[in-house]
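Structure first, then comments.
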Amino acid sequence: MSGERHDASAAAGQHRARSAPDVRARLEAEGLAPAAWSNGPGDRYPVHRHGYDKVIAVERGSIVFGLAGGEPVYLGVGDRLELPAGTDHDAVVGPDGVTCLEAHLAAGTLPGLRRRPAGSW
């Protein structure tokens, strides 16, 4: 991370202007209670961490998460990120903006960091 710029536009073409209306239903079917949030193109979140586990799924657009000591994680429509508590991360929104659904779990619920591509969960 340390000042790196994560470019969400590089891989965004394959997911541009698509949406996945079933993302919420799939999360709810797992017993999760997702809340939606949206950001505009190029919006950035600085490095931060949470005291809870987080499941994030992209409903529309794209976003790239930067992870301390790891490769950037690209999420497009239908992709999911399982982010354990205490994981340092930043984020850059793709060129078409993003709408994500996010559910919080007690710290230690998730077995580890995992990206799950659309259609695999």
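Letters A, B, ... mark the chains of the structure tokens in the order given; residue numbers begin at 1 per chain; ligand numbers begin at 1, in order shown.
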Surrounding residues of A:Gly112 excluding itself and chain neighbours under 5 positions, 10 Å, only C-alpha atoms, as an mmCIF file with N, CA and C atoms, in the first residue's frame:
data_model
loop_
_atom_site.group_PDB
_atom_site.id
_atom_site.type_symbol
_atom_site.label_atom_id
_atom_site.label_comp_id
_atom_site.auth_asym_id
_atom_site.auth_seq_id
_atom_site.Cartn_x
_atom_site.Cartn_y
_atom_site.Cartn_z
ATOM 1 N N ASP A 53 -15.242 -8.658 11.138
ATOM 2 C CA ASP A 53 -15.109 -9.290 9.826
ATOM 3 C C ASP A 53 -16.124 -8.654 8.891
ATOM 4 N N GLU A 82 -14.077 -11.421 1.277
ATOM 5 C CA GLU A 82 -14.246 -11.729 2.692
ATOM 6 C C GLU A 82 -13.004 -11.202 3.398
ATOM 7 N N LEU A 83 -13.210 -10.205 4.238
ATOM 8 C CA LEU A 83 -12.120 -9.432 4.830
ATOM 9 C C LEU A 83 -12.130 -9.598 6.348
ATOM 10 N N PRO A 84 -11.164 -10.327 6.899
ATOM 11 C CA PRO A 84 -11.126 -10.509 8.345
ATOM 12 C C PRO A 84 -10.831 -9.204 9.099
ATOM 13 N N ALA A 85 -11.289 -9.146 10.325
ATOM 14 C CA ALA A 85 -11.015 -8.001 11.192
ATOM 15 C C ALA A 85 -9.509 -7.745 11.266
ATOM 16 N N THR A 87 -7.527 -6.345 9.085
ATOM 17 C CA THR A 87 -6.802 -6.359 7.808
ATOM 18 C C THR A 87 -6.655 -4.930 7.286
#
DSSP alpha helix (DSSP H) residues within chain A, listed as JSON, numbers by chain
{"A": [9, 10, 11, 12, 23, 24, 25, 26, 27, 28, 29]}
Could you turn the residues from that selection into a file that holds N, CA and C atoms, as an mmCIF file, in the first residue's frame?
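Once everything was written out, this is part-v1.cif:
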data_model
loop_
_atom_site.group_PDB
_atom_site.id
_atom_site.type_symbol
_atom_site.label_atom_id
_atom_site.label_comp_id
_atom_site.auth_asym_id
_atom_site.auth_seq_id
_atom_site.Cartn_x
_atom_site.Cartn_y
_atom_site.Cartn_z
ATOM 1 N N SER A 9 -9.517 1.022 -13.395
ATOM 2 C CA SER A 9 -9.990 1.059 -14.781
ATOM 3 C C SER A 9 -9.347 -0.016 -15.642
ATOM 4 N N ALA A 10 -8.191 -0.515 -15.267
ATOM 5 C CA ALA A 10 -7.484 -1.486 -16.093
ATOM 6 C C ALA A 10 -8.301 -2.747 -16.337
ATOM 7 N N ALA A 11 -8.972 -3.240 -15.332
ATOM 8 C CA ALA A 11 -9.730 -4.484 -15.482
ATOM 9 C C ALA A 11 -11.233 -4.252 -15.534
ATOM 10 N N ALA A 12 -11.657 -3.010 -15.506
ATOM 11 C CA ALA A 12 -13.081 -2.721 -15.394
ATOM 12 C C ALA A 12 -13.868 -2.970 -16.659
ATOM 13 N N VAL A 23 -27.378 -10.314 -6.062
ATOM 14 C CA VAL A 23 -26.318 -10.316 -5.054
ATOM 15 C C VAL A 23 -26.925 -10.232 -3.655
ATOM 16 N N ARG A 24 -27.860 -9.322 -3.435
ATOM 17 C CA ARG A 24 -28.486 -9.180 -2.110
ATOM 18 C C ARG A 24 -29.168 -10.479 -1.697
ATOM 19 N N ALA A 25 -29.925 -11.071 -2.584
ATOM 20 C CA ALA A 25 -30.640 -12.307 -2.262
ATOM 21 C C ALA A 25 -29.670 -13.424 -1.883
ATOM 22 N N ARG A 26 -28.544 -13.507 -2.578
ATOM 23 C CA ARG A 26 -27.559 -14.552 -2.272
ATOM 24 C C ARG A 26 -26.947 -14.341 -0.897
ATOM 25 N N LEU A 27 -26.635 -13.085 -0.546
ATOM 26 C CA LEU A 27 -26.092 -12.805 0.789
ATOM 27 C C LEU A 27 -27.121 -13.102 1.867
ATOM 28 N N GLU A 28 -28.349 -12.674 1.642
ATOM 29 C CA GLU A 28 -29.412 -12.903 2.633
ATOM 30 C C GLU A 28 -29.683 -14.393 2.805
ATOM 31 N N ALA A 29 -29.546 -15.179 1.740
ATOM 32 C CA ALA A 29 -29.748 -16.624 1.824
ATOM 33 C C ALA A 29 -28.712 -17.287 2.740
#
Mind checking which residues fall within 12 Å of A:Phe65, counting only C-alpha atoms, ignoring those fewer than 3 positions away in the same chain, and posting them as a VMD selection string?
chain A and resid 1 4 to 8 44 to 48 56 62 68 70 to 76 80 to 83 87 to 94 113 115
From a DSSP pass on the backbone, collect the residues of chain A flagged as strand (DSSP E or B) and hand them back as a PyMOL selection string.
chain A and resi 19+35-39+44-48+53-67+73-75+80-83+89-105+114-116
For A:Leu101, work out the shell of residues within 8 Å, counting only C-alpha atoms and skipping chain neighbours fewer than 5 positions away, then give it as a list of chain:residue names.
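My reading of the contact set: A:Val23, A:Arg24, A:Pro34, A:Ala35, A:Ala36, A:Trp37, A:Ile56, A:Ala57, A:Val58, A:Glu59.
The gap separating atom CA of A:Ala103 from atom CA of A:Asp43 is 20.9 Å, in Å to one decimal.
Note that the spacing between atom CA of A:Gly42 and atom CA of A:Asp79 amounts to 18.8 Å.
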Could you tell me how far atom CA of A:Gly86 sits from atom CA of A:Tyr52, in Å to one decimal place?
7.5 Å
From the options A:Cys100, A:Ala33, A:Val77, A:Leu67, which residue's atoms come nearest to A:Ala118, counting only C-alpha atoms?
A:Val77
